[in-house]
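Structure data (compact mmCIF, C-alpha atoms) from run.txt:
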```txt
# COMPACT_ATOMS: atom_id res chain seq x y z
CA MET A 15 190.03 42.01 47.15
CA CYS A 16 189.00 42.65 50.70
CA LEU A 17 189.37 38.94 51.30
CA ALA A 18 190.90 38.15 54.68
CA VAL A 19 191.30 34.76 56.29
CA PRO A 20 191.92 33.87 59.92
CA VAL A 21 195.37 32.37 60.55
CA LYS A 22 197.03 31.34 63.81
CA ILE A 23 200.31 32.89 64.94
CA VAL A 24 202.85 30.17 65.73
CA SER A 25 205.94 32.36 66.18
CA ILE A 26 206.83 36.03 66.20
CA ASP A 27 210.00 37.70 64.95
CA GLY A 28 209.82 41.50 65.25
CA ASP A 29 207.27 42.86 62.76
CA GLU A 30 206.82 39.45 61.20
CA ALA A 31 205.07 36.28 62.30
CA GLU A 32 204.91 32.70 61.17
CA THR A 33 201.24 31.79 60.79
CA GLU A 34 199.38 28.60 60.07
CA ILE A 35 196.03 27.64 58.63
CA ALA A 36 194.96 24.09 57.84
CA GLY A 37 198.56 22.89 57.84
CA VAL A 38 199.79 25.65 55.52
CA ARG A 39 202.41 27.98 56.95
CA ARG A 40 203.06 31.52 55.82
CA ARG A 41 205.21 34.38 57.00
CA VAL A 42 203.12 37.54 57.40
CA SER A 43 203.67 41.11 58.52
CA ILE A 44 202.17 42.04 61.88
CA PHE A 45 203.21 45.67 61.44
CA LEU A 46 199.53 46.75 61.49
CA THR A 47 198.66 44.64 64.56
CA PRO A 48 201.44 45.17 67.12
CA GLU A 49 199.11 43.80 69.82
CA ALA A 50 199.08 40.31 68.20
CA LYS A 51 200.42 37.58 70.50
CA LEU A 52 201.58 34.02 70.07
CA GLY A 53 198.53 31.75 69.67
CA ASP A 54 196.25 34.59 68.51
CA TYR A 55 194.20 34.27 65.37
CA VAL A 56 194.69 37.23 63.05
CA LEU A 57 192.88 38.24 59.87
CA LEU A 58 195.37 37.91 57.03
CA HIS A 59 194.93 40.24 54.05
CA THR A 60 197.52 40.49 51.24
CA GLY A 61 200.41 39.45 53.45
CA TYR A 62 199.47 41.63 56.42
CA ALA A 63 197.58 40.82 59.60
CA ILE A 64 194.94 43.58 59.65
CA GLY A 65 193.15 42.66 62.88
CA VAL A 66 193.31 40.29 65.82
CA ILE A 67 190.29 38.01 66.18
CA ASP A 68 188.51 38.38 69.50
CA GLU A 69 188.21 34.81 70.72
CA ALA A 70 185.45 35.51 73.25
CA GLU A 71 183.39 37.25 70.56
CA ALA A 72 184.06 34.41 68.12
CA GLU A 73 182.75 31.90 70.68
CA GLU A 74 179.72 34.10 71.34
CA THR A 75 178.90 34.22 67.63
CA LEU A 76 179.41 30.45 67.30
CA LYS A 77 176.96 29.94 70.16
CA LEU A 78 174.45 32.24 68.51
CA LEU A 79 174.83 30.46 65.19
CA GLU A 80 174.39 27.08 66.90
CA GLU A 81 171.17 28.39 68.43
CA ILE A 82 169.92 29.47 65.03
CA ALA A 83 170.86 26.05 63.60
CA SER A 84 169.02 24.22 66.41
CA LEU A 85 165.93 26.38 65.83
CA SER A 86 165.83 25.41 62.19
CA GLU A 87 166.05 21.73 63.18
CA VAL A 88 162.91 22.08 65.30
CA HIS A 89 160.84 23.52 62.47
CA MET B 20 172.47 46.47 49.43
CA GLU B 21 175.57 44.51 50.19
CA PHE B 22 178.41 46.94 49.55
CA CYS B 23 181.16 44.33 49.32
CA GLY B 24 181.77 42.06 46.36
CA GLY B 25 182.88 39.36 48.80
CA HIS B 26 179.39 39.42 50.28
CA THR B 27 177.79 39.27 46.82
CA HIS B 28 179.78 36.14 46.06
CA ALA B 29 178.92 34.50 49.40
CA ILE B 30 175.24 35.39 48.98
CA LEU B 31 175.05 33.81 45.52
CA ARG B 32 177.34 30.89 46.32
CA TYR B 33 175.31 29.78 49.35
CA GLY B 34 171.90 30.52 47.84
CA ILE B 35 171.06 33.15 50.44
CA ARG B 36 168.74 35.02 48.08
CA GLN B 37 166.61 31.88 47.83
CA LEU B 38 166.64 31.41 51.62
CA VAL B 39 165.34 34.83 52.60
CA PRO B 40 161.68 35.81 52.11
CA LYS B 41 160.76 37.40 48.77
CA THR B 42 160.17 40.71 50.55
CA VAL B 43 163.93 40.96 51.12
CA GLU B 44 165.60 42.06 47.89
CA MET B 45 169.40 42.01 47.88
CA LYS B 46 171.27 44.44 45.62
CA SER B 47 174.97 44.26 44.78
CA GLY B 48 176.93 47.42 45.48
CA PRO B 49 180.18 49.00 44.33
CA GLY B 50 182.50 47.08 46.67
CA CYS B 51 184.89 45.62 44.13
CA PRO B 52 188.08 47.69 43.75
CA VAL B 53 188.92 46.28 40.33
CA CYS B 54 185.37 47.00 39.09
CA VAL B 55 185.24 50.60 40.28
CA THR B 56 188.64 51.55 38.83
CA ALA B 57 187.83 54.08 36.12
CA THR B 58 188.86 53.29 32.56
CA ALA B 59 190.99 56.47 32.48
CA ASP B 60 192.97 55.27 35.53
CA LEU B 61 193.42 51.83 34.01
CA ASP B 62 194.63 53.48 30.79
CA LYS B 63 197.22 55.33 32.89
CA ALA B 64 198.45 52.05 34.42
CA ILE B 65 198.74 50.56 30.92
CA ALA B 66 200.63 53.64 29.68
CA LEU B 67 203.06 53.31 32.61
CA ALA B 68 203.61 49.66 31.66
CA GLN B 69 204.58 50.78 28.17
CA LEU B 70 207.38 53.03 29.44
CA PRO B 71 210.93 51.70 29.10
CA ASP B 72 212.59 50.25 32.23
CA VAL B 73 209.35 50.12 34.20
CA ILE B 74 208.11 47.02 35.99
CA ILE B 75 204.41 47.07 36.83
CA THR B 76 203.34 45.10 39.89
CA THR B 77 199.66 44.51 40.48
CA PHE B 78 197.07 42.33 42.13
CA GLY B 79 196.01 39.57 39.74
CA ASP B 80 192.54 40.58 38.63
CA MET B 81 193.66 43.93 37.25
CA ILE B 82 195.70 42.55 34.41
CA ARG B 83 192.74 41.13 32.50
CA VAL B 84 190.50 44.21 32.68
CA PRO B 85 190.14 45.78 29.26
CA GLY B 86 191.15 49.44 29.14
CA SER B 87 190.18 51.76 26.31
CA TYR B 88 192.73 50.47 23.83
CA SER B 89 194.53 47.59 25.55
CA SER B 90 194.86 45.73 28.84
CA LEU B 91 197.81 45.10 31.14
CA GLN B 92 197.79 41.50 29.94
CA GLN B 93 197.97 42.52 26.29
CA THR B 94 200.69 45.05 27.08
CA LYS B 95 202.63 42.28 28.84
CA ALA B 96 202.22 40.06 25.78
CA GLU B 97 203.68 42.89 23.72
CA GLY B 98 206.80 42.86 25.87
CA ALA B 99 206.07 45.02 28.92
CA ASP B 100 207.20 43.75 32.31
CA VAL B 101 203.94 43.26 34.25
CA ARG B 102 204.07 41.06 37.34
CA ILE B 103 201.28 39.80 39.54
CA VAL B 104 201.98 40.06 43.26
CA TYR B 105 200.09 38.74 46.26
CA SER B 106 201.23 41.53 48.57
CA THR B 107 202.81 44.97 48.48
CA ILE B 108 205.68 43.30 50.36
CA ASP B 109 206.46 41.36 47.16
CA ALA B 110 206.35 44.58 45.10
CA VAL B 111 208.93 46.23 47.38
CA GLU B 112 211.13 43.11 47.12
CA ILE B 113 210.96 43.30 43.31
CA ALA B 114 212.08 46.95 43.52
CA LYS B 115 214.96 45.94 45.79
CA ALA B 116 216.06 43.21 43.37
CA ASN B 117 215.85 45.49 40.31
CA PRO B 118 217.55 48.77 41.27
CA GLU B 119 218.13 49.71 37.62
CA LYS B 120 214.37 49.64 36.89
CA SER B 121 211.43 51.64 38.22
CA VAL B 122 208.83 49.48 39.94
CA VAL B 123 205.26 50.77 40.01
CA PHE B 124 202.61 49.15 42.19
CA ILE B 125 199.03 49.68 40.97
CA GLY B 126 197.46 50.70 44.26
CA ILE B 127 193.85 49.66 44.10
CA GLY B 128 191.73 48.78 47.10
CA PHE B 129 189.50 50.14 49.82
CA GLU B 130 190.36 50.87 53.45
CA THR B 131 191.23 47.18 53.98
CA THR B 132 194.13 47.36 51.54
CA ALA B 133 195.20 51.03 51.77
CA PRO B 134 197.13 50.55 55.06
CA THR B 135 199.18 47.75 53.48
CA ILE B 136 200.03 50.07 50.58
CA ALA B 137 200.91 52.83 53.04
CA ALA B 138 203.15 50.33 54.85
CA SER B 139 204.97 49.56 51.59
CA ILE B 140 205.70 53.26 51.01
CA LEU B 141 206.98 53.58 54.55
CA LYS B 142 209.17 50.50 54.11
CA ALA B 143 210.57 51.85 50.84
CA GLN B 144 211.40 55.11 52.58
CA GLN B 145 213.03 53.43 55.57
CA GLU B 146 215.09 51.11 53.38
CA LYS B 147 215.84 53.90 50.86
CA ILE B 148 214.34 51.97 47.96
CA GLU B 149 214.08 54.97 45.65
CA ASN B 150 212.84 53.04 42.60
CA PHE B 151 209.53 52.00 44.21
CA HIS B 152 206.39 53.94 43.26
CA VAL B 153 202.69 53.62 43.89
CA LEU B 154 199.93 54.67 41.50
CA SER B 155 197.39 55.43 44.20
CA LEU B 156 193.87 54.56 43.07
CA ASN B 157 192.71 53.71 46.60
CA LYS B 158 189.10 54.48 47.41
CA LEU B 159 187.07 55.09 50.52
CA THR B 160 183.79 53.39 51.40
CA PRO B 161 181.61 55.82 53.40
CA PRO B 162 181.91 58.73 50.88
CA VAL B 163 180.70 56.56 48.00
CA MET B 164 177.83 55.24 50.12
CA LYS B 165 176.90 58.89 50.63
CA ALA B 166 177.11 59.53 46.87
CA LEU B 167 174.81 56.57 46.14
CA LEU B 168 172.30 57.65 48.78
CA ASP B 169 172.40 61.29 47.59
CA SER B 170 171.70 60.26 44.00
CA GLY B 171 168.50 58.52 45.12
CA GLU B 172 168.72 56.29 42.03
CA VAL B 173 168.40 53.10 44.06
CA LYS B 174 166.06 53.09 47.04
CA LEU B 175 167.75 51.30 49.93
CA ASP B 176 166.32 50.30 53.31
CA GLY B 177 169.49 48.81 54.70
CA ILE B 178 173.18 48.29 53.97
CA VAL B 179 175.22 45.16 54.64
CA CYS B 180 178.41 47.02 55.55
CA PRO B 181 181.76 45.54 54.50
CA GLY B 182 183.35 43.39 57.19
CA HIS B 183 187.03 43.78 56.40
CA VAL B 184 186.88 47.48 55.54
CA SER B 185 185.30 47.85 58.98
CA VAL B 186 188.15 45.94 60.65
CA ILE B 187 190.19 49.04 59.77
CA ILE B 188 187.66 51.91 60.03
CA GLY B 189 185.38 50.54 62.76
CA SER B 190 181.67 51.34 62.92
CA HIS B 191 181.66 55.10 63.60
CA PRO B 192 182.24 56.34 60.01
CA TYR B 193 178.85 54.85 58.97
CA GLU B 194 176.86 56.69 61.62
CA PHE B 195 175.78 59.49 59.28
CA ILE B 196 173.83 56.91 57.23
CA PRO B 197 171.08 56.01 59.76
CA LYS B 198 171.20 59.55 61.14
CA ASN B 199 170.87 61.52 57.90
CA TYR B 200 169.26 58.99 55.55
CA GLY B 201 167.29 56.72 57.91
CA VAL B 202 168.99 53.67 56.37
CA ALA B 203 169.88 50.68 58.58
CA CYS B 204 173.54 49.60 58.69
CA VAL B 205 174.88 46.26 59.89
CA ILE B 206 178.52 45.20 59.53
CA SER B 207 178.72 41.57 58.46
CA GLY B 208 181.23 38.72 58.38
CA PHE B 209 181.57 36.52 55.32
CA GLU B 210 180.35 33.09 56.45
CA PRO B 211 176.83 32.30 55.18
CA LEU B 212 175.42 32.32 58.72
CA ASP B 213 177.14 35.66 59.41
CA ILE B 214 175.27 37.12 56.45
CA LEU B 215 171.93 35.63 57.53
CA LEU B 216 172.48 37.08 61.01
CA CYS B 217 173.22 40.46 59.43
CA ILE B 218 170.06 40.35 57.27
CA ASP B 219 168.04 39.39 60.37
CA LYS B 220 169.41 42.41 62.24
CA LEU B 221 168.73 44.70 59.27
CA VAL B 222 165.11 43.49 59.03
CA GLU B 223 164.69 43.98 62.77
CA GLN B 224 165.95 47.56 62.51
CA ILE B 225 163.78 48.32 59.48
CA GLU B 226 160.65 46.83 61.09
CA SER B 227 161.16 48.73 64.32
CA VAL B 228 162.02 51.91 62.35
CA GLU B 229 165.12 52.36 64.47
CA PRO B 230 167.97 52.62 62.01
CA LYS B 231 171.43 52.50 63.54
CA VAL B 232 174.89 51.00 62.98
CA GLU B 233 175.30 47.50 64.41
CA ILE B 234 178.26 45.15 64.32
CA ALA B 235 177.26 41.58 63.47
CA TYR B 236 180.94 40.64 63.07
CA PRO B 237 182.28 41.47 66.56
CA ARG B 238 185.02 38.82 66.40
CA GLY B 239 186.73 40.93 63.74
CA VAL B 240 185.37 44.45 64.08
CA LYS B 241 185.74 46.86 66.98
CA PRO B 242 183.77 50.14 67.00
CA GLU B 243 187.03 52.10 66.89
CA GLY B 244 188.61 49.94 64.15
CA ASN B 245 192.36 49.36 63.84
CA LYS B 246 193.88 52.64 65.01
CA LYS B 247 197.43 51.78 64.02
CA ALA B 248 196.35 51.04 60.44
CA TRP B 249 194.23 54.18 60.36
CA GLN B 250 197.14 56.35 61.58
CA LEU B 251 199.49 54.84 59.04
CA MET B 252 197.02 55.59 56.27
CA GLU B 253 196.67 59.18 57.44
CA ASN B 254 200.43 59.57 57.66
CA VAL B 255 201.07 58.44 54.08
CA PHE B 256 197.89 59.51 52.24
CA GLU B 257 195.64 62.53 52.13
CA ILE B 258 192.01 62.49 51.15
CA ASP B 259 191.21 63.58 47.62
CA GLU B 260 188.43 63.14 45.10
CA ALA B 261 188.38 59.89 43.14
CA ASN B 262 186.98 58.77 39.82
CA TRP B 263 184.67 55.75 40.13
CA ARG B 264 183.53 53.69 37.17
CA GLY B 265 179.81 54.18 36.69
CA ILE B 266 179.60 56.87 39.34
CA GLY B 267 182.11 59.52 38.27
CA ILE B 268 184.07 61.88 40.48
CA VAL B 269 183.13 61.46 44.14
CA PRO B 270 184.51 64.12 46.49
CA GLN B 271 186.72 62.97 49.36
CA SER B 272 186.49 59.34 48.28
CA GLY B 273 190.09 58.73 47.26
CA LEU B 274 193.58 58.73 48.71
CA LYS B 275 196.59 60.43 47.17
CA VAL B 276 200.17 60.16 48.38
CA ARG B 277 201.11 63.04 50.69
CA GLY B 278 203.74 65.54 49.56
CA LYS B 279 206.34 64.28 52.02
CA TYR B 280 206.31 60.89 50.25
CA GLU B 281 206.00 62.30 46.72
CA ARG B 282 209.10 60.55 45.41
CA PHE B 283 207.14 57.30 45.79
CA ASP B 284 204.11 58.75 43.99
CA ALA B 285 203.91 57.38 40.44
CA ASP B 286 201.77 60.36 39.45
CA LYS B 287 204.70 62.65 40.30
CA ALA B 288 207.52 60.42 39.07
CA PHE B 289 206.14 59.76 35.58
CA SER B 290 204.30 61.74 33.01
CA VAL B 291 202.25 59.90 30.41
CA SER B 292 200.00 61.32 27.75
CA LEU B 293 196.66 59.60 27.43
CA LYS B 294 194.04 59.48 24.72
CA PRO B 295 190.48 60.14 25.93
CA PRO B 296 189.04 57.02 27.59
CA ARG B 297 186.63 54.86 25.62
CA GLU B 298 184.09 52.59 27.32
CA SER B 299 183.24 49.15 25.95
CA LYS B 300 180.06 49.38 23.91
CA GLY B 301 177.04 47.84 25.58
CA CYS B 302 178.84 47.06 28.86
CA ARG B 303 176.63 47.89 31.85
CA CYS B 304 179.25 47.50 34.58
CA GLY B 305 178.62 51.10 35.63
CA ASP B 306 174.92 50.39 36.24
CA VAL B 307 175.73 47.10 38.00
CA ILE B 308 178.21 48.89 40.30
CA ARG B 309 175.53 51.39 41.38
CA GLY B 310 172.99 48.63 41.97
CA ALA B 311 170.87 50.17 39.21
CA ALA B 312 170.92 47.01 37.10
CA THR B 313 171.63 43.33 37.67
CA PRO B 314 174.04 41.51 35.37
CA LEU B 315 170.99 39.78 33.86
CA GLU B 316 169.85 43.10 32.48
CA CYS B 317 173.07 43.47 30.47
CA LYS B 318 172.70 42.24 26.90
CA LEU B 319 176.32 41.14 26.79
CA PHE B 320 176.11 38.94 29.93
CA ARG B 321 176.85 35.26 29.19
CA LYS B 322 176.83 36.01 25.46
CA LEU B 323 179.65 38.35 24.47
CA CYS B 324 180.89 38.76 28.04
CA THR B 325 182.13 35.64 29.84
CA PRO B 326 184.95 34.96 32.32
CA GLU B 327 187.09 33.65 29.44
CA SER B 328 186.47 36.74 27.35
CA PRO B 329 185.31 39.52 29.68
CA VAL B 330 184.09 42.83 28.29
CA GLY B 331 183.89 44.63 31.62
CA PRO B 332 185.67 44.41 34.97
CA CYS B 333 182.61 43.04 36.82
CA MET B 334 183.10 39.83 34.84
CA VAL B 335 186.89 39.79 35.33
CA SER B 336 187.19 40.30 39.05
CA SER B 337 186.74 37.40 41.41
CA GLU B 338 184.54 39.82 43.38
CA GLY B 339 182.59 41.27 40.48
CA ALA B 340 178.81 40.88 40.48
CA CYS B 341 178.77 39.58 36.89
CA ALA B 342 181.38 36.92 37.72
CA ALA B 343 179.27 35.85 40.72
CA TYR B 344 176.08 35.62 38.65
CA TYR B 345 177.97 33.71 35.98
CA GLN B 346 179.60 31.29 38.39
CA TYR B 347 176.77 30.52 40.78
CA GLY B 348 173.57 31.10 38.86
CA THR B 349 171.78 29.44 36.01
CA PRO B 350 169.72 31.77 33.81
CA GLU B 351 166.58 29.99 35.04
CA GLY B 352 167.61 30.02 38.67
CA LEU B 353 168.31 33.71 38.64
CA GLN B 354 165.13 34.86 36.91
CA GLY B 355 163.44 35.41 40.26
CA PHE B 356 165.92 38.09 41.23
```

Turn the structure described in the file into structure tokens.
Amino acid sequence: MCLAVPVKIVSIDGDEAETEIAGVRRRVSIFLTPEAKLGDYVLLHTGYAIGVIDEAEAEETLKLLEEIASLSEVH
Amino acid sequence: MEFCGGHTHAILRYGIRQLVPKTVEMKSGPGCPVCVTATADLDKAIALAQLPDVIITTFGDMIRVPGSYSSLQQTKAEGADVRIVYSTIDAVEIAKANPEKSVVFIGIGFETTAPTIAASILKAQQEKIENFHVLSLNKLTPPVMKALLDSGEVKLDGIVCPGHVSVIIGSHPYEFIPKNYGVACVISGFEPLDILLCIDKLVEQIESVEPKVEIAYPRGVKPEGNKKAWQLMENVFEIDEANWRGIGIVPQSGLKVRGKYERFDADKAFSVSLKPPRESKGCRCGDVIRGAATPLECKLFRKLCTPESPVGPCMVSSEGACAAYYQYGTPEGLQGF
């Protein structure tokens, strides 16, 4: 129930935004994330964006995960 | 213990229990809103569905959970108007389209979902949709963690804190856990590597005997959480006790609709008389929710209780521990747990 998926904002119209993930488009409410901008990834939960994904942090985590993956290749 | 049912499913789905050393034992916690809804509250939702001119709107999993005497699904089959919605936005739209009926949304969920329910009440107020009501069964995460730790029934060294609850509440509300109970807390994302990273951080904290709250999901979670969502929740709801399946009444762990929005409160708008709740015989969902038993210890699991014919909510919900064990484990493969 606390499932939330990252979707990309492709247009904004007041409290609502058109979002896209893997070619699927959906209109969502950005009432809870007024700071969301065009091009941002937001976490979508039951029709509402509940948080904006921090791209720098996402890249940092990806890097960390790649490091872990490369370590396991060595062993 | 992973609090969140989403984590339980990811852990079983990706075989994380087999990947981590045997010294790390993972326990499923109460983080499944459908599972922790008390039978008495479900009975109330069913009774509301049986009222004339009422449309019940609910998230999908709820309709199959057996109550004491019926389920929402059975009540629907008997003629009640019960509709599954994806979002509270859809529930408000149904109210708008059916002004002659009363529309009740069954408000289950933790802090992740509660702001969206608060938003629906606000929208109904702004648009003067007087026939929209919420049966608020929302629950709060940190108070029930406190209740589990206070009971001492399950000895925990660390908690995998729920990622999407924390998007809303941030990391501060967990700080009493390392401080007062010496239990490590790490907020985790839901990808398998996120969870491994979280377990690594928990083990590090436990080994160094320096319990604290860490965020291993910084792309989604800020220490302060989502303030707008938090404010909205505080505006519409006030904190109250809540009845949890398997745990009982937990103080300050629920949300009720504030007086200023009482015309949207289903508890105020309708009065239903209920027979005393009756639990399914032999079902150990309550023990599973507290982490006191695994689904394998339930005699009904895989025999009388299956996803096609569930006895308890932990087998119904897509986040329930029993559903996860059923879906991703073989009896042989799970014996080691």

Determine the nearest neighbour of Ala63 of chain A from the options A:Leu85, A:Leu78, A:Ala50, A:Ile35, counting all atoms listed in the file. A:Ala50

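Here the residues that fall within 6 Å of (199.0, 40.8, 61.4), using all atoms listed in the file, are given as A:Ser43, A:Ile44, A:Leu46, A:Thr47, A:Val56, A:Tyr62, A:Ala63, A:Ile64.
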
Non-local contacts of Leu52 of chain A (9 Å; only C-alpha atoms; under 5 positions in same chain excluded) as a PyMOL selection string: chain A and resi 22-26+31

With a cut-off of 8 Å and counting all atoms listed in the file, select all residues of chain B in contact with chain A and give the selection as a list in words. Gly25, Cys51, Pro52, Tyr105, Ser106, Thr107, Ile108, Gly128, Phe129, Thr131, Thr132, Pro134, Thr135, His183, Val184, Val186, Ile187, Leu212, Pro237, Arg238, Gly239, Asn245, Lys247, Ala248 and Glu338 of chain B

For the atom pair atom CA of Phe256 of chain B and atom CA of Ser139 of chain B, what is the interatomic distance in Å to one decimal place? 12.2 Å

Of the candidates B:Ser47, B:Ser155, B:Gln271, B:Thr42, which shows the shortest atom-to-atom distance to Gly339 of chain B, using only C-alpha atoms? B:Ser47

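Pairwise distance (atom CA of Pro329 of chain B, atom CA of Arg83 of chain B) equals 8.1 Å.
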
Which value, in Å to one decimal, gives the distance between atom CA of Met20 of chain B and atom CA of Pro296 of chain B?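 Separation of atom CA of Met20 of chain B and atom CA of Pro296 of chain B: 29.4 Å.
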
Spatial neighbours of Ala114 of chain B, max dist 7 Å, all atoms listed in the file, sep filter under 5 positions, as a list in words: Val122, Asn150 and Phe151 of chain B

Among listed residues B:Cys217, B:Val153, B:Met252, B:Val240, nearest Phe289 of chain B (using only C-alpha atoms):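 Residue with the minimum atom-to-atom distance to Phe289 of chain B: B:Val153.
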
So which residues touch Ala64 of chain B within 9 Å, counting all atoms listed in the file, skipping near sequence neighbours fewer than 3 positions away, as a VMD selection string? chain B and resid 59 to 61 67 to 69 75 91 123 125 154

Show me, as a ChimeraX atom specification, the residues that have an atom within 7 Å of Val232 of chain B when counting only C-alpha atoms, minus same-chain residues fewer than 6 positions from it. /B:190,193-194,203-205

Write out as number ranges by chain which residues come within 10 Å of Thr160 of chain B when counting all atoms listed in the file, dropping same-chain ones fewer than 5 positions away. B: 22-23, 49-50, 129-130, 165, 180-181, 184-185, 188, 192-193, 272-273
